[in-house]
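Source file: start-v2.cif; contents: mmCIF, C-alpha atoms.
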```cif
data_coords
loop_
_atom_site.label_atom_id
_atom_site.label_comp_id
_atom_site.auth_asym_id
_atom_site.auth_seq_id
_atom_site.Cartn_x
_atom_site.Cartn_y
_atom_site.Cartn_z
CA MET A 1 57.84 76.53 47.71
CA ALA A 2 57.43 77.89 51.27
CA HIS A 3 58.03 74.42 52.75
CA ARG A 4 61.23 74.06 50.72
CA ASP A 5 62.42 77.49 51.89
CA ASP A 6 61.61 76.56 55.49
CA SER A 7 63.55 73.31 55.13
CA VAL A 8 66.56 75.04 53.60
CA GLU A 9 66.50 77.63 56.40
CA THR A 10 66.41 74.85 59.02
CA ILE A 11 69.30 73.05 57.31
CA GLN A 12 71.33 76.27 57.25
CA GLN A 13 70.69 76.88 60.95
CA GLU A 14 71.56 73.31 61.90
CA MET A 15 74.74 73.31 59.79
CA THR A 16 75.78 76.55 61.50
CA ALA A 17 75.23 74.95 64.91
CA PHE A 18 77.24 71.93 63.75
CA ALA A 19 80.13 74.21 62.66
CA ARG A 20 80.11 75.95 66.04
CA ARG A 21 80.38 72.59 67.80
CA ALA A 22 83.24 71.59 65.50
CA ARG A 23 85.14 74.78 66.40
CA ALA A 24 84.53 74.08 70.08
CA THR A 25 85.86 70.53 69.67
CA ALA A 26 89.04 71.85 68.09
CA ALA A 27 89.42 74.36 70.93
CA ARG A 28 89.07 71.57 73.51
CA MET A 29 91.84 69.60 71.77
CA HIS A 30 94.20 72.51 72.30
CA PRO A 31 93.17 76.04 73.26
CA GLU A 32 95.53 77.55 70.67
CA LEU A 33 94.38 75.27 67.83
CA SER A 34 91.73 76.75 65.56
CA LEU A 35 89.35 74.63 63.51
CA VAL A 36 91.33 75.51 60.39
CA SER A 37 94.59 74.38 62.03
CA TYR A 38 92.92 71.19 63.25
CA THR A 39 91.61 70.48 59.74
CA LEU A 40 95.01 71.12 58.14
CA LEU A 41 96.75 68.89 60.66
CA ALA A 42 94.24 66.11 60.04
CA HIS A 43 94.81 66.44 56.29
CA LEU A 44 98.59 66.25 56.73
CA ASP A 45 98.16 63.16 58.89
CA ASP A 46 95.78 61.53 56.41
CA GLN A 47 97.98 62.29 53.40
CA ARG A 48 101.21 61.50 55.25
CA GLY A 49 102.44 64.99 54.44
CA CYS A 50 102.02 67.52 51.65
CA ARG A 51 103.12 70.98 50.57
CA ALA A 52 101.55 74.14 51.97
CA MET A 53 100.42 75.17 48.49
CA ASP A 54 98.58 71.84 48.14
CA LEU A 55 96.75 72.52 51.41
CA ALA A 56 95.76 75.98 50.17
CA ALA A 57 94.47 74.55 46.89
CA HIS A 58 92.61 71.66 48.50
CA TYR A 59 90.78 73.84 51.04
CA LEU A 60 90.47 76.91 48.79
CA LEU A 61 92.39 79.01 51.30
CA ASP A 62 94.73 81.91 50.73
CA LYS A 63 98.39 80.92 50.97
CA SER A 64 98.93 83.47 53.75
CA THR A 65 96.15 81.85 55.79
CA VAL A 66 97.75 78.44 55.42
CA SER A 67 101.15 79.91 56.25
CA ARG A 68 99.85 81.43 59.51
CA GLN A 69 98.08 78.22 60.50
CA ILE A 70 101.12 76.08 59.73
CA ALA A 71 103.35 78.45 61.72
CA ALA A 72 101.01 78.01 64.71
CA LEU A 73 101.10 74.22 64.31
CA GLU A 74 104.90 74.29 64.14
CA LYS A 75 105.06 76.45 67.28
CA LEU A 76 102.90 73.88 69.09
CA GLY A 77 105.21 71.09 67.92
CA PHE A 78 102.47 69.44 65.84
CA VAL A 79 104.03 69.92 62.38
CA GLU A 80 107.52 69.74 60.93
CA ARG A 81 109.00 70.54 57.54
CA ARG A 82 111.02 67.98 55.59
CA VAL A 83 112.86 68.35 52.31
CA ASP A 84 111.11 66.56 49.44
CA PRO A 85 113.41 63.69 48.42
CA ASP A 86 112.37 64.14 44.77
CA ASP A 87 112.95 67.91 44.69
CA HIS A 88 115.27 69.37 47.32
CA ARG A 89 113.88 72.85 46.67
CA VAL A 90 110.48 71.83 48.07
CA GLN A 91 109.50 71.42 51.70
CA VAL A 92 106.81 68.93 52.66
CA LEU A 93 104.81 69.39 55.84
CA HIS A 94 104.36 66.37 58.09
CA PRO A 95 102.65 65.88 61.42
CA THR A 96 105.04 65.19 64.26
CA GLU A 97 104.49 62.29 66.63
CA LYS A 98 103.03 64.82 69.07
CA GLY A 99 100.67 66.10 66.36
CA SER A 100 99.54 62.61 65.38
CA GLN A 101 98.94 61.70 69.02
CA ALA A 102 96.89 64.87 69.58
CA LEU A 103 94.78 64.04 66.52
CA ALA A 104 94.29 60.43 67.60
CA SER A 105 93.17 61.53 71.05
CA ALA A 106 90.80 64.16 69.67
CA GLY A 107 89.48 61.72 67.06
CA ALA A 108 88.70 59.12 69.71
CA SER A 109 86.87 61.74 71.77
CA ARG A 110 84.91 62.94 68.74
CA ARG A 111 83.90 59.40 67.73
CA GLN A 112 82.76 58.69 71.28
CA ALA A 113 80.70 61.89 71.28
CA PHE A 114 79.08 60.89 67.97
CA HIS A 115 78.31 57.40 69.28
CA GLU A 116 76.65 58.92 72.33
CA ARG A 117 74.72 61.50 70.31
CA LEU A 118 73.48 58.87 67.84
CA ALA A 119 72.96 56.00 70.31
CA ASP A 120 69.17 55.94 69.92
CA TRP A 121 69.22 56.12 66.10
CA ASP A 122 68.48 52.88 64.30
CA GLU A 123 70.83 51.57 61.62
CA GLU A 124 68.56 52.67 58.75
CA ASP A 125 68.49 56.27 60.01
CA LEU A 126 72.28 56.28 60.41
CA GLN A 127 72.79 54.99 56.87
CA ARG A 128 70.37 57.55 55.45
CA PHE A 129 72.04 60.39 57.37
CA ALA A 130 75.50 59.26 56.19
CA THR A 131 74.24 59.10 52.60
CA TYR A 132 72.77 62.60 52.81
CA LEU A 133 75.97 64.04 54.27
CA ARG A 134 78.08 62.43 51.51
CA ARG A 135 75.67 63.76 48.88
CA TYR A 136 75.72 67.26 50.39
CA ASN A 137 79.52 67.33 50.54
CA ALA A 138 79.88 65.93 47.02
CA ALA A 139 77.61 68.70 45.69
CA GLN A 140 79.75 71.29 47.48
CA GLN A 141 82.89 69.98 45.77
CA GLN A 142 81.28 70.54 42.36
CA LEU A 143 80.64 74.26 42.98
CA PRO A 144 83.13 76.80 41.63
#
```

Taking this structure as input, can you express it in the form of structure tokens?
Amino acid sequence: MAHRDDSVETIQQEMTAFARRARATAARMHPELSLVSYTLLAHLDDQRGCRAMDLAAHYLLDKSTVSRQIAALEKLGFVERRVDPDDHRVQVLHPTEKGSQALASAGASRRQAFHERLADWDEEDLQRFATYLRRYNAAQQQLP
């Protein structure tokens, strides 16, 4: 049991370090862009727009948190609101061209950093690591 506890402690420490690096990456993309804002913008880009309440539900965030983050993204010119063509009472958030370009640039930088960090890993190790990360994230989605 002690070895398992040691392993879990190491995983927790390494995941914390990973999260810190992710926040730093978001800050390098734009000094005013938090990791939460970066994540929300990436989701909007991936989904080609969605409602603020859908973002809150997807990321298990308070609506006020999403509202503040979206306001910051709008101020930066990264997000715009459009009326939903199916329900004119609803506004859908979309990345602007500027927002999509900022994400593409940051994404290219992040991928390059991962390639450099993993350059000496063989294909089998990369596949195993990818499988473990998918498994870890899938288990997280099943928690209440």

**Fill in**
Pairwise distance, atom CA of A:Asp122 with atom CA of A:Arg135, equals 20.2 Å

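Distances here use only C-alpha atoms; by that measure, the residue among A:Ile11, A:Arg51, A:Leu60, A:Asp46 closest to A:Tyr132 is A:Ile11.
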
**Request:** Could you expand the PyMOL selection byres ((chain A and resi 96-101) around 6) into the explicit residues it covers here, written as a PyMOL selection string?
**Result:** chain A and resi 78-79+95+102-104

**Prompt:** Could you work out how far atom CA of A:Arg23 lies from atom CA of A:Arg68, giving the answer in Å with one decimal?
**Reply:** 17.6 Å

**Request:** For stretch 27-39 of chain A, work out the shell of residues within 8 Å, counting only C-alpha atoms and skipping chain neighbours fewer than 5 positions away, then give it as a PyMOL selection string.
**Result:** chain A and resi 22+69-70+72-73+102+106

Kindly export the residues of the current selection with C-alpha atoms, as a short mmCIF file (atom, residue, chain, number, x, y, z; two decimals), in the coordinates of the input.
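See selection34.cif below for the written result:
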```
data_model
loop_
_atom_site.label_atom_id
_atom_site.label_comp_id
_atom_site.auth_asym_id
_atom_site.auth_seq_id
_atom_site.Cartn_x
_atom_site.Cartn_y
_atom_site.Cartn_z
CA ALA A 22 83.24 71.59 65.50
CA GLN A 69 98.08 78.22 60.50
CA ILE A 70 101.12 76.08 59.73
CA ALA A 72 101.01 78.01 64.71
CA LEU A 73 101.10 74.22 64.31
CA ALA A 102 96.89 64.87 69.58
CA ALA A 106 90.80 64.16 69.67
#
```

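Reported to one decimal place, the separation of atom CA of A:Cys50 from atom CA of A:Arg134 is 24.5 Å.
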
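For the set A:Ser105, A:Leu118, A:Leu93, A:Pro85, the residue with the smallest atom-to-atom gap to A:Ser67 is A:Leu93, counting only C-alpha atoms.
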
**Nearby residues, (103.7, 66.5, 50.1) file frame, 12 Å, only C-alpha atoms, as a VMD selection string** = chain A and resid 43 to 55 80 to 87 90 to 95

Which residues of stretch 47-142 of chain A come within 12 Å of stretch 18-21 of chain A, and for each one, what is the closest pair of atoms and their distance in Å to one decimal, counting only C-alpha atoms, sorted by chain and residue number, as a Markdown table?
```
| residue | atom | partner | partner_atom | distance |
| --- | --- | --- | --- | --- |
| A:Arg110 | CA | A:Arg21 | CA | 10.7 |
| A:Ala113 | CA | A:Arg21 | CA | 11.3 |
| A:Phe114 | CA | A:Arg21 | CA | 11.8 |
```

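Residue nearest A:Tyr136, chosen from A:Leu76, A:His3, A:Met15, A:Glu9 and counting all atoms listed in the file: A:Met15.
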